[in-house]
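Report on one structure; see the data block that follows.
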Amino acid sequence: SHTVQKDLMEFMGEHIGEPARGKYYDHFLLGADFNAKSKNLAPVRDELASVFKARPTYLIVSTIEPRKNHSYLLNTLDILWRDDIDVGLVIVGRTGWKVEHITQRIYNHPEYHNKLFHWDNLDDTELEYCYKHAKALLFPSIVEGFGLPIVESLTHGLPVLASDTPIHREIGADRIDYFSLNNPHDLARQIKQIEAHGFPAHLQHIKHYSWMNWNESSQMLLDKIINVPLQTETLKN
């Protein structure tokens, strides 16, 4: 994201100094299309489909790692379940590092396999099914490089609630809603409002949203790489 580019430039300028300021920096955007029509992909498993039929179910797509902030999300769902809000949470992503306490909390949770689920082996067809049938994407990351699940969700018409960070603001703009990481009850409050009154109008008008595909993303990266010598020479002059 452009936000990461700016952050890197500031970091390099602060820690490296003048030599870093004379370097060329840039960024490119990721694609959001799926190759979900491969003949090699199996149909969606019944046990996955049944989860979304049981109750309104929210979704997070990310590796389980500290910066993805699953603990905030579990705290939110605990608040909702304590208050008898009948919603579910599907966690999609492989287990990363330094998260033993989070995975133990997930697998030992009294709602695990009832209202709380973790899937670490979905193919593109099943991930696309999640995007199409979830109530909304919940994205509580502390920091991101881009936030790809945001544009993947919007591409599939799925509303997004994300943590209020500069990167998420860049990628989501006014098409998504934001919650404060400093207030553990903020996301719970928003979900309660959605369950009671539905989505606000600006989250309902995403059906015609479009984003670049991976071919376009790759071409953007290639064009910028090819352009590096010219930009570097311009900086020298």
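Residues in the structure tokens are numbered from 1 in each chain, the chains being A, B, ... in the order shown, and ligands are numbered from 1 in the order shown.
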Review point. Got a sec: who's within 8 Å of region 146-150 of chain A, counting only C-alpha atoms, leaving out chain neighbours fewer than 3 positions off, as a list of chain:residue names?
Key: A:Ser1, A:Leu29, A:Leu30, A:Ala32, A:Val61, A:Ser62, A:Leu137, A:Phe139, A:Ser153, A:Leu154, A:Val160, A:Ile167, A:His168, A:Ile171, A:Gly172
Exercise for review: Write out as an NGL selection string all residues of region 113-208 of chain A that DSSP puts in strand (DSSP E) for this structure's backbone.
Suggested key: :A and (116-119 or 137-139 or 160-163 or 177-179)
**Study point:** Given only C-alpha atoms as the counted atoms, nearest of A:His202, A:Lys6, A:His70, A:His156 to Tyr25 (chain A)
**Key:**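 Distance minimum relative to Tyr25 (chain A) lands on A:Lys6.
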Review point. Looking only at the backbone, which of the residues in region 43-232 of chain A does DSSP tag as helix (DSSP H, G or I), as a PyMOL selection string?
Key: chain A and resi 46-54+66-68+70-82+100-107+124-133+148-155+166-175+186-197+201-204+214-232
Revision key, fill the gap. The distance between CA of Leu80 (chain A) and CA of Asp46 (chain A) is 26.6 Å
Point to revise | Shell of 8 Å around region 208-210 of chain A, only C-alpha atoms, local chain residues under 2 positions omitted, as a PyMOL selection string | key: chain A and resi 154-155+157+205-206+212
Restrict the selected residues to N, CA and C atoms and save them as a short mmCIF file (atom, residue, chain, number, x, y, z; two decimals), in the first residue's frame.
data_model
loop_
_atom_site.label_atom_id
_atom_site.label_comp_id
_atom_site.auth_asym_id
_atom_site.auth_seq_id
_atom_site.Cartn_x
_atom_site.Cartn_y
_atom_site.Cartn_z
N LEU A 154 -15.12 -7.08 -0.56
CA LEU A 154 -15.92 -6.12 -1.30
C LEU A 154 -16.21 -6.62 -2.71
N THR A 155 -15.25 -7.31 -3.32
CA THR A 155 -15.45 -7.86 -4.66
C THR A 155 -16.60 -8.87 -4.67
N GLY A 157 -19.17 -8.64 -2.63
CA GLY A 157 -20.36 -8.01 -2.09
C GLY A 157 -20.52 -8.19 -0.59
N HIS A 205 -24.31 -0.67 -0.48
CA HIS A 205 -24.16 -0.30 -1.90
C HIS A 205 -22.76 -0.67 -2.41
N ILE A 206 -22.40 -1.95 -2.26
CA ILE A 206 -21.09 -2.40 -2.72
C ILE A 206 -21.20 -3.46 -3.81
N MET A 212 -8.90 -4.37 -9.35
CA MET A 212 -8.06 -4.98 -10.37
C MET A 212 -7.89 -6.48 -10.12
#
Point to revise | Long-range neighbours of Leu74 (chain A) as a ChimeraX atom specification, 9 Å cut-off, only C-alpha atoms, 3 positions minimum in chain | key: /A:70-71,77-79,89,105-106
